[in-house]
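Here's the structure we're looking at; comments come further down.
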Amino acid sequence: MGMSLEERVRSAVAALLHAAGESQTDLAADLGVSQAQVSRRQSGLASWSLADCDAVAAHYGIDVLDLLAGPTRAAEALPAERRRVPGRRAVTAGAASADGGV
């Protein structure tokens with residue numbers, strides 16, 4: 001049997017964090033929650049709500065259906081400008097808009 005929806009979302013969030021070179025703290029700041037709340041959701045102690053999934057998808061610039069589809073689809077949907085480049089610090093959505101996207 002395949003992964004449950006909750007497992008797919010947790011795996012997709014982990015894949016997006018890795019692909020974007022972000023930490024749970026980076027994601028939490030943009031979502032307006034604490035790093036501990038993201039950690040609880042990622043560990044399975046709490047669930048990602050549909051509203052959370054929508055916010056995570058918006059943070060990464062992907063469709064929520066790509067997030068719900070699992071880690072491979074979510075990572076493939078991540079826009080090139082959000083992908084981590086070795087040797088370059090990740091630029092979060094908030095930072096990009098604060099400096100005009102440069």
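Residue numbering restarts at 1 for every chain of the structure tokens, chains are lettered A, B, ... in their displayed order, and ligands are numbered from 1 as they appear.
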Near-Leu50 in chain A list (12 Å; only C-alpha atoms; drop same-chain fewer than 2 positions) as a ChimeraX atom specification = /A:5-6,9,47-48,52-57,64-65,67-68
Have a look at A:Gly70, A:Gly32, A:Pro86, A:Gly44 and name the one nearest to Val13 in chain A; count only C-alpha atoms.
->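 So, comparing all the options, the nearest one is A:Gly70.
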Which of these, A:Ser11, A:Ser39, A:Ser49, A:Ser4, has the shortest distance to Ser23 in chain A once you count only C-alpha atoms?
->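 Among A:Ser11, A:Ser39, A:Ser49, A:Ser4, it is A:Ser39 that comes nearest to Ser23 in chain A.
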Would you kindly return, as a PyMOL selection string, each protein, DNA or RNA residue with an atom no farther than 10 Å from any atom of Leu17 in chain A, considering only C-alpha atoms and excluding same-chain residues fewer than 2 positions away?
-> chain A and resi 11-15+19-24+26-27+60+75+83-84
Which polymer residues have any atom within 9 Å of an atom of Thr25 in chain A, counting only C-alpha atoms, with same-chain residues fewer than 6 positions away left out, as a PDB file with N, CA and C atoms, in the first residue's frame?
```pdb
ATOM      1  N   SER A  34       5.525  29.063  14.550  1.00  0.00           N
ATOM      2  CA  SER A  34       6.845  28.810  15.128  1.00  0.00           C
ATOM      3  C   SER A  34       7.515  27.620  14.437  1.00  0.00           C
ATOM      4  N   GLN A  35       8.825  27.551  14.558  1.00  0.00           N
ATOM      5  CA  GLN A  35       9.563  26.408  14.024  1.00  0.00           C
ATOM      6  C   GLN A  35       9.084  25.133  14.701  1.00  0.00           C
ATOM      7  N   ALA A  36       8.744  25.207  15.979  1.00  0.00           N
ATOM      8  CA  ALA A  36       8.257  24.034  16.710  1.00  0.00           C
ATOM      9  C   ALA A  36       6.953  23.519  16.107  1.00  0.00           C
ATOM     10  N   VAL A  38       6.056  23.766  12.911  1.00  0.00           N
ATOM     11  CA  VAL A  38       6.430  23.084  11.680  1.00  0.00           C
ATOM     12  C   VAL A  38       7.036  21.728  12.021  1.00  0.00           C
TER      13      VAL A  38
END
```
Interatomic distance, CA of Glu76 in chain A to CA of Ala58 in chain A (Å, one decimal) |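 Separating CA of Glu76 in chain A from CA of Ala58 in chain A is a distance of 15.1 Å.
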As a VMD selection string, list the residues of chain A assigned to alpha helix (DSSP H) by DSSP on the backbone atoms of this structure.
-> chain A and resid 5 to 20 24 to 31 35 to 43 50 to 60 64 to 69 71 to 77 93 to 98
